[in-house]
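Asks: Structure: entry.tsv, TSV, C-alpha atoms.
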```
chain	number	residue	atom	x	y	z
A	1	MET	CA	26.71	82.94	44.14
A	2	SER	CA	24.26	85.65	45.27
A	3	ARG	CA	25.40	88.37	47.66
A	4	GLU	CA	23.01	87.17	50.36
A	5	ARG	CA	24.34	83.60	50.03
A	6	GLU	CA	27.92	84.86	50.05
A	7	ALA	CA	27.25	86.94	53.18
A	8	GLU	CA	25.58	83.98	54.84
A	9	ARG	CA	28.52	81.74	53.98
A	10	ASP	CA	31.09	84.26	55.21
A	11	SER	CA	29.27	84.77	58.47
A	12	ASP	CA	28.60	81.09	59.14
A	13	PRO	CA	31.70	78.89	59.17
A	14	LEU	CA	29.44	75.87	59.65
A	15	SER	CA	27.56	76.31	56.38
A	16	VAL	CA	28.03	73.54	53.82
A	17	ASP	CA	29.25	76.09	51.27
A	18	TRP	CA	31.93	77.31	53.64
A	19	ILE	CA	33.10	73.81	54.56
A	20	SER	CA	33.08	72.68	50.91
A	21	GLU	CA	35.06	75.69	49.80
A	22	ALA	CA	37.64	75.06	52.50
A	23	LEU	CA	37.97	71.42	51.42
A	24	ARG	CA	38.15	72.44	47.78
A	25	GLU	CA	41.52	74.10	48.26
A	26	PRO	CA	44.00	72.36	45.96
A	27	VAL	CA	46.33	69.78	47.42
A	28	PRO	CA	49.85	70.57	46.20
A	29	VAL	CA	51.29	67.94	43.87
A	30	ARG	CA	54.86	67.09	44.81
A	31	PRO	CA	56.97	67.29	41.61
A	32	GLU	CA	59.11	64.30	42.60
A	33	TRP	CA	55.97	62.19	43.16
A	34	ARG	CA	54.54	63.25	39.78
A	35	ALA	CA	57.85	62.35	38.10
A	36	GLU	CA	57.85	58.95	39.79
A	37	LEU	CA	54.25	58.39	38.66
A	38	LEU	CA	55.09	59.22	35.04
A	39	ARG	CA	58.13	56.95	35.15
A	40	GLY	CA	55.87	54.15	36.39
A	41	ILE	CA	53.51	54.69	33.48
A	42	GLU	CA	56.39	54.73	30.98
A	43	GLN	CA	57.48	51.31	32.21
A	44	LEU	CA	54.07	49.78	31.53
A	45	ALA	CA	53.25	48.09	28.28
A	46	ALA	CA	51.05	50.14	25.95
A	47	PRO	CA	47.37	49.76	26.85
A	48	SER	CA	45.42	47.20	24.85
A	49	PRO	CA	42.96	48.74	22.46
A	50	PRO	CA	39.42	47.32	22.40
A	51	ARG	CA	38.63	44.34	20.18
A	52	GLY	CA	38.36	45.33	16.54
A	53	TRP	CA	40.46	48.44	17.07
A	54	SER	CA	43.99	47.17	16.50
A	55	GLY	CA	45.45	48.27	13.23
A	56	ALA	CA	42.08	48.79	11.63
A	57	ARG	CA	42.80	52.45	11.09
A	58	TRP	CA	46.09	51.95	9.40
A	59	ARG	CA	45.76	48.85	7.27
A	60	VAL	CA	43.66	48.47	4.15
A	61	ARG	CA	43.75	45.36	2.03
A	62	PRO	CA	45.12	46.16	-1.46
A	63	LEU	CA	42.05	44.94	-3.34
A	64	THR	CA	39.76	46.80	-0.97
A	65	ALA	CA	41.84	49.95	-1.44
A	66	VAL	CA	41.71	49.74	-5.23
A	67	ALA	CA	37.97	49.05	-5.22
A	68	ALA	CA	37.36	51.79	-2.68
A	69	CYS	CA	39.38	54.30	-4.72
A	70	VAL	CA	37.35	53.53	-7.82
A	71	VAL	CA	34.10	53.86	-5.90
A	72	CYS	CA	35.35	57.04	-4.25
A	73	ALA	CA	36.39	58.59	-7.56
A	74	LEU	CA	33.00	57.80	-9.10
A	75	ALA	CA	31.11	58.98	-6.05
A	76	GLY	CA	33.29	62.08	-5.76
A	77	ALA	CA	32.71	62.96	-9.38
A	78	GLY	CA	28.99	62.47	-8.97
A	79	VAL	CA	28.84	64.54	-5.81
A	80	THR	CA	30.94	67.32	-7.29
A	81	THR	CA	28.76	67.44	-10.38
A	82	LEU	CA	25.66	67.62	-8.23
A	83	VAL	CA	27.13	70.37	-6.10
A	84	LEU	CA	28.35	72.44	-9.01
A	85	ALA	CA	25.04	72.00	-10.76
A	86	ARG	CA	23.17	73.32	-7.78
A	87	GLY	CA	25.81	75.87	-6.90
A	88	GLN	CA	25.42	75.38	-3.19
A	89	HIS	CA	27.90	73.21	-1.36
A	90	ALA	CA	26.04	73.13	1.92
A	91	ALA	CA	22.79	71.79	0.55
A	92	LEU	CA	23.99	68.30	-0.17
A	93	ALA	CA	21.90	66.17	2.08
A	94	GLU	CA	20.20	68.59	4.33
A	95	ALA	CA	17.47	66.91	6.30
A	96	SER	CA	14.87	68.36	8.57
A	97	GLY	CA	17.11	68.48	11.65
A	98	SER	CA	19.26	71.41	12.65
A	99	LEU	CA	22.55	69.57	12.52
A	100	THR	CA	22.51	67.06	9.81
A	101	ALA	CA	23.99	67.39	6.39
A	102	ALA	CA	27.62	67.00	5.60
A	103	ALA	CA	29.67	65.93	2.65
A	104	THR	CA	33.09	65.89	1.09
A	105	SER	CA	34.05	66.48	-2.48
A	106	ARG	CA	37.24	66.68	-4.45
A	107	SER	CA	37.91	70.01	-6.02
A	108	GLY	CA	41.53	70.05	-7.14
A	109	GLU	CA	45.02	68.59	-6.89
A	110	VAL	CA	48.23	70.22	-5.66
A	111	ALA	CA	51.64	68.46	-5.63
A	112	GLY	CA	50.18	64.96	-5.58
A	113	ARG	CA	47.59	65.91	-2.98
A	114	SER	CA	43.93	66.34	-3.63
A	115	THR	CA	42.07	69.21	-2.09
A	116	VAL	CA	39.05	67.89	-0.30
A	117	ARG	CA	36.27	70.16	0.78
A	118	PHE	CA	34.65	69.16	4.06
A	119	VAL	CA	31.19	70.57	4.64
A	120	PHE	CA	29.13	70.27	7.78
A	121	VAL	CA	25.68	71.81	8.07
A	122	ALA	CA	25.16	73.08	11.59
A	123	PRO	CA	23.48	76.50	11.52
A	124	TYR	CA	23.20	76.76	15.29
A	125	ALA	CA	26.76	75.70	16.16
A	126	SER	CA	29.24	78.27	17.47
A	127	ASN	CA	32.42	76.44	16.60
A	128	VAL	CA	33.14	73.57	14.28
A	129	ALA	CA	36.57	72.07	13.66
A	130	LEU	CA	37.82	69.20	11.57
A	131	VAL	CA	39.94	66.54	13.24
A	132	GLY	CA	41.48	63.44	11.75
A	133	ASP	CA	44.56	61.36	11.31
A	134	PHE	CA	45.86	64.05	8.94
A	135	ASN	CA	46.08	66.68	11.68
A	136	GLY	CA	46.84	64.55	14.73
A	137	TRP	CA	43.20	64.79	15.91
A	138	ASN	CA	43.96	68.31	17.07
A	139	PRO	CA	40.80	70.47	17.09
A	140	SER	CA	42.76	73.71	17.09
A	141	LYS	CA	44.51	72.94	13.80
A	142	MET	CA	41.62	73.04	11.37
A	143	PRO	CA	38.81	75.33	12.52
A	144	MET	CA	36.09	75.44	9.87
A	145	ARG	CA	34.69	78.70	8.49
A	146	ARG	CA	31.02	79.49	8.33
A	147	SER	CA	29.49	79.60	4.86
A	148	ALA	CA	28.12	82.85	3.44
A	149	ASP	CA	24.54	81.86	4.23
A	150	GLY	CA	25.56	80.96	7.79
A	151	ARG	CA	24.15	77.46	7.61
A	152	ALA	CA	27.20	75.34	6.92
A	153	TRP	CA	30.83	75.10	7.96
A	154	LEU	CA	33.55	74.59	5.37
A	155	ILE	CA	37.21	73.85	5.04
A	156	ASP	CA	39.42	72.80	2.14
A	157	VAL	CA	42.18	70.39	3.05
A	158	PRO	CA	44.92	69.05	0.77
A	159	LEU	CA	45.16	65.31	1.42
A	160	ALA	CA	47.56	62.68	0.22
A	161	PRO	CA	46.06	59.76	-1.67
A	162	GLY	CA	44.80	57.06	0.64
A	163	ARG	CA	42.33	56.39	3.39
A	164	HIS	CA	41.76	59.07	6.00
A	165	VAL	CA	39.69	58.85	9.16
A	166	TYR	CA	38.13	62.06	10.39
A	167	SER	CA	35.45	63.57	12.55
A	168	PHE	CA	33.96	66.97	13.30
A	169	VAL	CA	34.17	68.70	16.68
A	170	VAL	CA	30.92	70.62	17.04
A	171	ASP	CA	30.97	72.91	20.08
A	172	GLY	CA	33.22	70.42	21.81
A	173	ASP	CA	31.31	67.27	20.84
A	174	LEU	CA	32.48	64.78	18.27
A	175	ALA	CA	30.21	64.08	15.33
A	176	ALA	CA	30.72	61.75	12.40
A	177	ASP	CA	30.04	62.88	8.86
A	178	PRO	CA	26.50	61.67	8.10
A	179	ALA	CA	27.24	61.73	4.38
A	180	ALA	CA	30.31	59.52	4.50
A	181	PRO	CA	31.02	55.89	5.43
A	182	ARG	CA	31.70	55.29	9.13
A	183	ALA	CA	35.18	54.20	10.12
A	184	GLY	CA	35.64	50.51	10.83
A	185	ASP	CA	36.95	51.26	14.29
A	186	ASP	CA	33.92	53.32	15.16
A	187	ASP	CA	32.91	50.70	17.71
A	188	PHE	CA	35.48	52.29	20.01
A	189	GLY	CA	32.91	55.01	20.37
A	190	VAL	CA	34.53	58.02	18.75
A	191	PRO	CA	32.21	58.76	15.86
A	192	SER	CA	34.49	58.78	12.82
A	193	SER	CA	34.11	58.74	9.08
A	194	VAL	CA	36.32	57.68	6.23
A	195	VAL	CA	37.34	59.56	3.13
A	196	LEU	CA	39.27	57.76	0.43
A	197	VAL	CA	41.39	59.96	-1.78
A	198	SER	CA	42.30	58.52	-5.13
A	199	GLY	CA	45.82	59.01	-6.51
A	200	ALA	CA	44.68	59.20	-10.11
A	201	LYS	CA	43.54	62.44	-11.64
A	202	THR	CA	39.91	62.57	-12.64
B	203	MET	CA	47.62	55.16	2.78
B	204	THR	CA	47.95	57.58	5.64
B	205	GLU	CA	50.86	57.49	8.00
B	206	ARG	CA	50.62	57.48	11.72
B	207	PRO	CA	50.97	61.07	12.95
B	208	THR	CA	54.36	61.54	14.53
B	209	ALA	CA	54.73	65.31	14.65
B	210	LYS	CA	54.35	66.97	18.04
B	211	VAL	CA	50.94	68.56	18.25
B	212	HIS	CA	49.32	70.82	20.76
B	213	VAL	CA	47.31	68.46	22.88
B	214	ASP	CA	46.16	70.87	25.55
B	215	SER	CA	43.03	71.76	23.62
B	216	MET	CA	42.12	68.15	22.85
B	217	THR	CA	39.17	66.53	24.55
B	218	ASP	CA	39.81	63.64	26.93
B	219	ALA	CA	38.29	61.20	24.42
B	220	LEU	CA	40.67	62.36	21.70
B	221	LEU	CA	43.64	62.04	24.03
B	222	VAL	CA	42.59	58.48	24.88
B	223	ARG	CA	42.39	57.75	21.21
B	224	ARG	CA	45.91	59.07	20.69
B	225	VAL	CA	47.23	56.88	23.53
B	226	LEU	CA	45.58	53.83	21.99
B	227	ASP	CA	47.14	54.81	18.67
B	228	GLY	CA	50.53	54.47	20.33
B	229	ASP	CA	51.24	58.01	21.54
B	230	ALA	CA	51.95	57.36	25.22
B	231	ARG	CA	52.81	61.04	25.77
B	232	ALA	CA	49.14	61.94	25.36
B	233	PHE	CA	48.52	60.17	28.66
B	234	THR	CA	50.78	62.70	30.41
B	235	THR	CA	48.34	65.43	29.38
B	236	LEU	CA	45.47	63.39	30.80
B	237	VAL	CA	47.42	62.85	34.01
B	238	ASP	CA	48.16	66.55	34.41
B	239	ARG	CA	44.54	67.41	33.70
B	240	HIS	CA	43.14	65.10	36.39
B	241	LEU	CA	45.96	64.65	38.88
B	242	GLN	CA	45.03	67.51	41.20
B	243	PRO	CA	41.34	66.59	41.72
B	244	CYS	CA	42.25	62.92	42.16
B	245	LEU	CA	44.91	63.69	44.75
B	246	ARG	CA	42.59	66.08	46.56
B	247	PHE	CA	39.78	63.52	46.72
B	248	ALA	CA	42.10	60.78	47.95
B	249	THR	CA	43.69	63.07	50.54
B	250	ARG	CA	40.32	64.13	51.96
B	251	MET	CA	39.05	60.57	51.77
B	252	LEU	CA	42.03	58.87	53.43
B	253	GLY	CA	43.25	61.70	55.67
B	254	SER	CA	46.86	60.97	54.84
B	255	ARG	CA	49.00	62.42	52.08
B	256	HIS	CA	51.12	59.29	51.86
B	257	ASP	CA	48.12	56.95	51.46
B	258	ALA	CA	46.49	59.41	49.05
B	259	GLU	CA	49.54	59.48	46.81
B	260	ASP	CA	49.64	55.68	46.78
B	261	ALA	CA	45.94	55.38	45.94
B	262	THR	CA	46.11	58.04	43.23
B	263	GLN	CA	49.21	56.51	41.67
B	264	GLU	CA	47.63	53.08	41.65
B	265	ALA	CA	44.40	54.45	40.14
B	266	LEU	CA	46.24	56.20	37.31
B	267	LEU	CA	48.36	53.14	36.53
B	268	ARG	CA	45.24	50.97	36.47
B	269	ALA	CA	43.49	53.53	34.28
B	270	TYR	CA	46.39	53.44	31.82
B	271	ARG	CA	46.33	49.67	31.60
B	272	ALA	CA	42.55	49.58	31.20
B	273	LEU	CA	42.32	52.47	28.75
B	274	GLY	CA	40.95	50.17	26.05
B	275	THR	CA	37.83	49.60	28.13
B	276	TYR	CA	37.04	53.30	28.49
B	277	ASP	CA	33.87	54.30	26.64
B	278	PRO	CA	34.56	57.73	25.12
B	279	GLU	CA	30.84	58.49	25.10
B	280	ALA	CA	31.12	58.71	28.88
B	281	SER	CA	33.05	61.26	30.93
B	282	PHE	CA	36.71	60.35	31.39
B	283	ARG	CA	36.72	62.09	34.77
B	284	THR	CA	33.83	59.92	35.98
B	285	TRP	CA	35.54	56.79	34.67
B	286	LEU	CA	38.79	57.73	36.40
B	287	PHE	CA	37.00	58.58	39.63
B	288	ALA	CA	35.31	55.17	39.59
B	289	ILE	CA	38.77	53.58	39.66
B	290	LEU	CA	40.01	55.99	42.32
B	291	VAL	CA	36.95	55.48	44.53
B	292	ASN	CA	37.66	51.74	44.46
B	293	ARG	CA	41.32	52.27	45.33
B	294	CYS	CA	40.36	54.47	48.27
B	295	ARG	CA	37.78	51.92	49.48
B	296	THR	CA	40.42	49.19	49.30
B	297	ALA	CA	42.92	51.35	51.19
B	298	LEU	CA	40.37	52.04	53.93
B	299	LEU	CA	39.50	48.36	54.15
B	300	LYS	CA	43.16	47.34	54.48
B	301	ARG	CA	43.73	50.00	57.07
B	302	SER	CA	40.74	48.95	59.16
B	303	ARG	CA	42.13	45.41	59.33
B	304	TYR	CA	45.32	46.54	61.01
B	305	VAL	CA	44.72	49.73	62.83
B	306	ARG	CA	41.87	51.96	63.74
B	307	ARG	CA	43.14	55.26	62.49
B	308	VAL	CA	42.77	58.23	64.75
B	309	VAL	CA	43.44	61.67	63.37
B	310	THR	CA	45.73	63.27	65.89
B	311	ASP	CA	46.59	66.94	66.04
B	312	GLU	CA	49.98	66.10	64.57
B	313	ASP	CA	48.36	64.22	61.68
B	314	ALA	CA	45.99	67.05	61.01
B	315	LEU	CA	48.76	69.66	61.17
B	316	HIS	CA	50.97	67.61	58.87
B	317	GLY	CA	48.18	66.91	56.43
B	318	ALA	CA	46.47	70.29	56.58
B	319	VAL	CA	46.41	71.54	53.05
B	320	ILE	CA	43.60	74.01	53.24
B	321	GLY	CA	44.64	77.52	52.31
B	322	ASP	CA	44.58	80.60	54.49
B	323	GLU	CA	41.47	81.83	52.72
B	324	ALA	CA	39.51	79.19	54.59
B	325	GLY	CA	40.07	80.91	57.89
B	326	SER	CA	42.25	80.31	60.91
B	327	THR	CA	44.63	77.35	61.12
B	328	GLU	CA	42.65	75.99	64.04
B	329	LEU	CA	39.42	75.92	62.09
B	330	ARG	CA	41.15	74.36	59.12
B	331	ILE	CA	42.45	71.58	61.31
B	332	GLU	CA	39.00	71.10	62.76
B	333	ILE	CA	37.51	70.72	59.29
B	334	GLU	CA	40.17	68.12	58.42
B	335	ARG	CA	39.43	66.25	61.61
B	336	ALA	CA	35.68	66.51	61.16
B	337	ILE	CA	35.68	65.15	57.60
B	338	ALA	CA	37.89	62.26	58.77
B	339	ARG	CA	35.29	61.39	61.43
B	340	VAL	CA	32.37	61.24	59.01
B	341	ASP	CA	31.33	57.71	58.04
B	342	PRO	CA	33.38	56.69	54.93
B	343	GLU	CA	30.33	56.13	52.73
B	344	GLN	CA	28.91	59.51	53.64
B	345	ARG	CA	32.34	61.15	53.34
B	346	GLU	CA	32.80	59.69	49.87
B	347	ALA	CA	29.41	61.00	48.73
B	348	PHE	CA	29.98	64.45	50.30
B	349	LEU	CA	33.42	64.86	48.71
B	350	LEU	CA	32.23	63.81	45.26
B	351	LYS	CA	29.22	66.10	45.44
B	352	HIS	CA	30.44	69.23	47.22
B	353	VAL	CA	34.20	69.16	46.72
B	354	GLU	CA	34.67	67.53	43.32
B	355	GLN	CA	31.28	68.85	42.22
B	356	LEU	CA	30.11	65.80	40.31
B	357	GLY	CA	26.44	65.50	39.41
B	358	TYR	CA	24.41	62.74	41.07
B	359	GLU	CA	24.31	60.69	37.86
B	360	GLU	CA	28.11	60.92	37.57
B	361	MET	CA	28.46	60.00	41.23
B	362	SER	CA	26.23	57.01	40.69
B	363	ALA	CA	28.38	55.87	37.75
B	364	ALA	CA	31.57	56.36	39.77
B	365	THR	CA	30.39	54.65	42.96
B	366	GLY	CA	27.87	52.08	41.77
B	367	VAL	CA	25.40	53.47	44.31
B	368	GLY	CA	21.89	54.64	43.40
B	369	VAL	CA	21.09	58.34	43.18
B	370	SER	CA	18.57	58.40	46.03
B	371	ALA	CA	20.98	56.59	48.36
B	372	LEU	CA	23.72	59.06	47.41
B	373	LYS	CA	21.45	62.02	48.16
B	374	MET	CA	20.72	60.57	51.58
B	375	ARG	CA	24.44	60.03	52.27
B	376	VAL	CA	25.26	63.61	51.26
B	377	LYS	CA	22.49	64.94	53.50
B	378	ARG	CA	23.70	62.90	56.46
B	379	ALA	CA	27.31	63.91	55.84
B	380	CYS	CA	26.31	67.59	55.89
B	381	GLU	CA	24.43	67.14	59.15
B	382	ARG	CA	27.30	65.19	60.70
B	383	LEU	CA	29.89	67.77	59.67
B	384	GLN	CA	27.82	70.61	61.09
B	385	GLU	CA	27.28	68.63	64.28
B	386	LEU	CA	31.00	67.91	64.68
B	387	LEU	CA	32.05	71.47	63.93
B	388	GLY	CA	29.25	72.77	66.13
B	389	GLU	CA	30.68	70.81	69.05
B	390	VAL	CA	34.03	72.48	68.46
B	391	ASN	CA	32.43	75.91	68.35
B	392	ASP	CA	30.54	75.23	71.58
B	393	VAL	CA	33.74	74.21	73.36
B	394	THR	CA	35.67	77.23	72.14
```
Could you write out this file's structure as structure tokens?

Replies:
Amino acid sequence: MSREREAERDSDPLSVDWISEALREPVPVRPEWRAELLRGIEQLAAPSPPRGWSGARWRVRPLTAVAACVVCALAGAGVTTLVLARGQHAALAEASGSLTAAATSRSGEVAGRSTVRFVFVAPYASNVALVGDFNGWNPSKMPMRRSADGRAWLIDVPLAPGRHVYSFVVDGDLAADPAAPRAGDDDFGVPSSVVLVSGAKT
Amino acid sequence: MTERPTAKVHVDSMTDALLVRRVLDGDARAFTTLVDRHLQPCLRFATRMLGSRHDAEDATQEALLRAYRALGTYDPEASFRTWLFAILVNRCRTALLKRSRYVRRVVTDEDALHGAVIGDEAGSTELRIEIERAIARVDPEQREAFLLKHVEQLGYEEMSAATGVGVSALKMRVKRACERLQELLGEVNDVT
């Protein structure tokens, strides 16, 4: 607020700014009322997820899983080869936009887990984090680091074999991985992608 | 196959949409974070709208319980605050409607003193009470628009989504509310 406006507000108790500020004072929340409210919520049945949401994230049919793992292994090998051949992880599928290319690739295995490199090309972003079912969808757990050329954001994550749903948080907004399949429950609205990690060594 | 995350995680930094997702995944505790994030503005709006702490607590509680039950219908592309305010606005409208059927509420000095929750920074106690009384005397539709715009600081598009009223009509209501408030408080100033 400018000094003139502030002076005007202070001198005129009828100004809209003055009235609004007075009404903006917080209303104290009584602790006993808050506790009662939370108890009321606890007693309710869990909210119903939207149609198509239930269980979709956590169940994969066996045949689908086997087929997906095979496809993932082949695709992963192909992608890794391409990346290594070019020697630049962040250039996988870069399109003309400023925030477009992303990819994942397997690069190693540790104690039954495969290390997956997540790459997101967003040269103009200030902060990018990886969220997914493997980190409780917590954006503070896996902040991504900027690549040497400053164009992409990277992180290596050891993942157990299986299907993982993930997303990127780009300056506070969720973005799916444009280079990966979308999650089946994406119709809920949270843009999410799927990575399938094979248990077999390649 | 991945397992459902069970470990306690820091949820304070999570966006509203992510918290909703966690609730729908079965983590009811994530809703507590959402409640604590939005409880104060909701209670403030309801208190200013209804002019009674007791009614405001009832309306806010009902809105949050309804929000919890209807969480599956929330579109995470939209603002959670706007979605929650849409429910709260309806609860407040219903409360006002019920009240008008039984009693025409008059804000007495005692009411205003009891319900006055404006801090000392706002000026003298007398003036604070006058503001409480003045906002209670503004037409409910105009009061609702004024509070959403100037107190809760929603944009007109958000207000439109929360109230179901068009932007131009909302602008007119806000303008009239401002004029009415200044007129009511001007009368007080003239008397004193």

Asks: Which distance in Å separates CA of Ala122 in chain A and CA of Ala183 in chain A, to one decimal?

Replies: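 Straight-line distance from CA of Ala122 in chain A to CA of Ala183 in chain A works out to 21.4 Å.
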
Asks: Name the closest residue to chain B among the candidates A:Gly132, A:Gly112, A:Gly162, A:Pro143; distances are taken between atoms, counting all atoms listed in the file.

Replies: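 So, comparing all the options, the nearest one is A:Gly162.
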
Asks: So that I can see what lies close to Arg250 in chain B, please list as an MDAnalysis selection string the residues with an atom at most 9 Å from it, counting all atoms listed in the file and leaving out residues fewer than 6 positions away in the same chain.

Replies: (chainID A and resid 23) or (chainID B and resid 258 334 337:338 345:346 349)

Asks: Return as an MDAnalysis selection string the residues belonging to chain A that are within 7 Å of chain B, counting only C-alpha atoms.

Replies: chainID A and resid 14 16 20 22:27 29 37 41 47:50 133 136:140 161:164 189:190

Asks: For the selection you just gave me, I'd like the residues written to a file as a short mmCIF file (atom, residue, chain, number, x, y, z; two decimals), keeping the file's coordinate frame, keeping C-alpha atoms.

Replies:
```
data_model
loop_
_atom_site.label_atom_id
_atom_site.label_comp_id
_atom_site.auth_asym_id
_atom_site.auth_seq_id
_atom_site.Cartn_x
_atom_site.Cartn_y
_atom_site.Cartn_z
CA LEU A 14 29.44 75.87 59.65
CA VAL A 16 28.03 73.54 53.82
CA SER A 20 33.08 72.68 50.91
CA ALA A 22 37.64 75.06 52.50
CA LEU A 23 37.97 71.42 51.42
CA ARG A 24 38.15 72.44 47.78
CA GLU A 25 41.52 74.10 48.26
CA PRO A 26 44.00 72.36 45.96
CA VAL A 27 46.33 69.78 47.42
CA VAL A 29 51.29 67.94 43.87
CA LEU A 37 54.25 58.39 38.66
CA ILE A 41 53.51 54.69 33.48
CA PRO A 47 47.37 49.76 26.85
CA SER A 48 45.42 47.20 24.85
CA PRO A 49 42.96 48.74 22.46
CA PRO A 50 39.42 47.32 22.40
CA ASP A 133 44.56 61.36 11.31
CA GLY A 136 46.84 64.55 14.73
CA TRP A 137 43.20 64.79 15.91
CA ASN A 138 43.96 68.31 17.07
CA PRO A 139 40.80 70.47 17.09
CA SER A 140 42.76 73.71 17.09
CA PRO A 161 46.06 59.76 -1.67
CA GLY A 162 44.80 57.06 0.64
CA ARG A 163 42.33 56.39 3.39
CA HIS A 164 41.76 59.07 6.00
CA GLY A 189 32.91 55.01 20.37
CA VAL A 190 34.53 58.02 18.75
#
```

Asks: Pick from A:Ala35, A:Val119, A:Ile155, A:Gly40: nearest to Asp177 in chain A, with all atoms listed in the file counted?

Replies: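 Looking only at the distances to Asp177 in chain A, the closest residue turns out to be A:Val119.
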
Asks: Can you work out the spacing between CA of Val131 in chain A and CA of Val194 in chain A in Å, to one decimal?

Replies: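 Distance reported for this atom pair: 11.9 Å.
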
Asks: Between CA of Pro158 in chain A and CA of Ser114 in chain A, what is the distance in Å, rounded to a tenth?

Replies: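 Those two atoms sit 5.3 Å apart.
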
Asks: Counting all atoms listed in the file, figure out which residue out of B:Thr327, B:Met374, B:Tyr358, B:Ala364 gets nearest to Gln344 in chain B.

Replies: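 Of B:Thr327, B:Met374, B:Tyr358, B:Ala364, the one nearest Gln344 in chain B is B:Met374, counting all atoms listed in the file.
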
Asks: At most 6 Å from (36.4, 62.7, 9.4), file frame, all atoms listed in the file: which residues, as a PDB file with C-alpha atoms, keeping the file's coordinate frame?

Replies:
```pdb
ATOM      1  CA  GLY A 132      41.480  63.440  11.750  1.00  0.00           C
ATOM      2  CA  VAL A 165      39.690  58.850   9.160  1.00  0.00           C
ATOM      3  CA  TYR A 166      38.130  62.060  10.390  1.00  0.00           C
ATOM      4  CA  SER A 167      35.450  63.570  12.550  1.00  0.00           C
ATOM      5  CA  SER A 192      34.490  58.780  12.820  1.00  0.00           C
ATOM      6  CA  SER A 193      34.110  58.740   9.080  1.00  0.00           C
ATOM      7  CA  VAL A 194      36.320  57.680   6.230  1.00  0.00           C
TER       8      VAL A 194
END
```
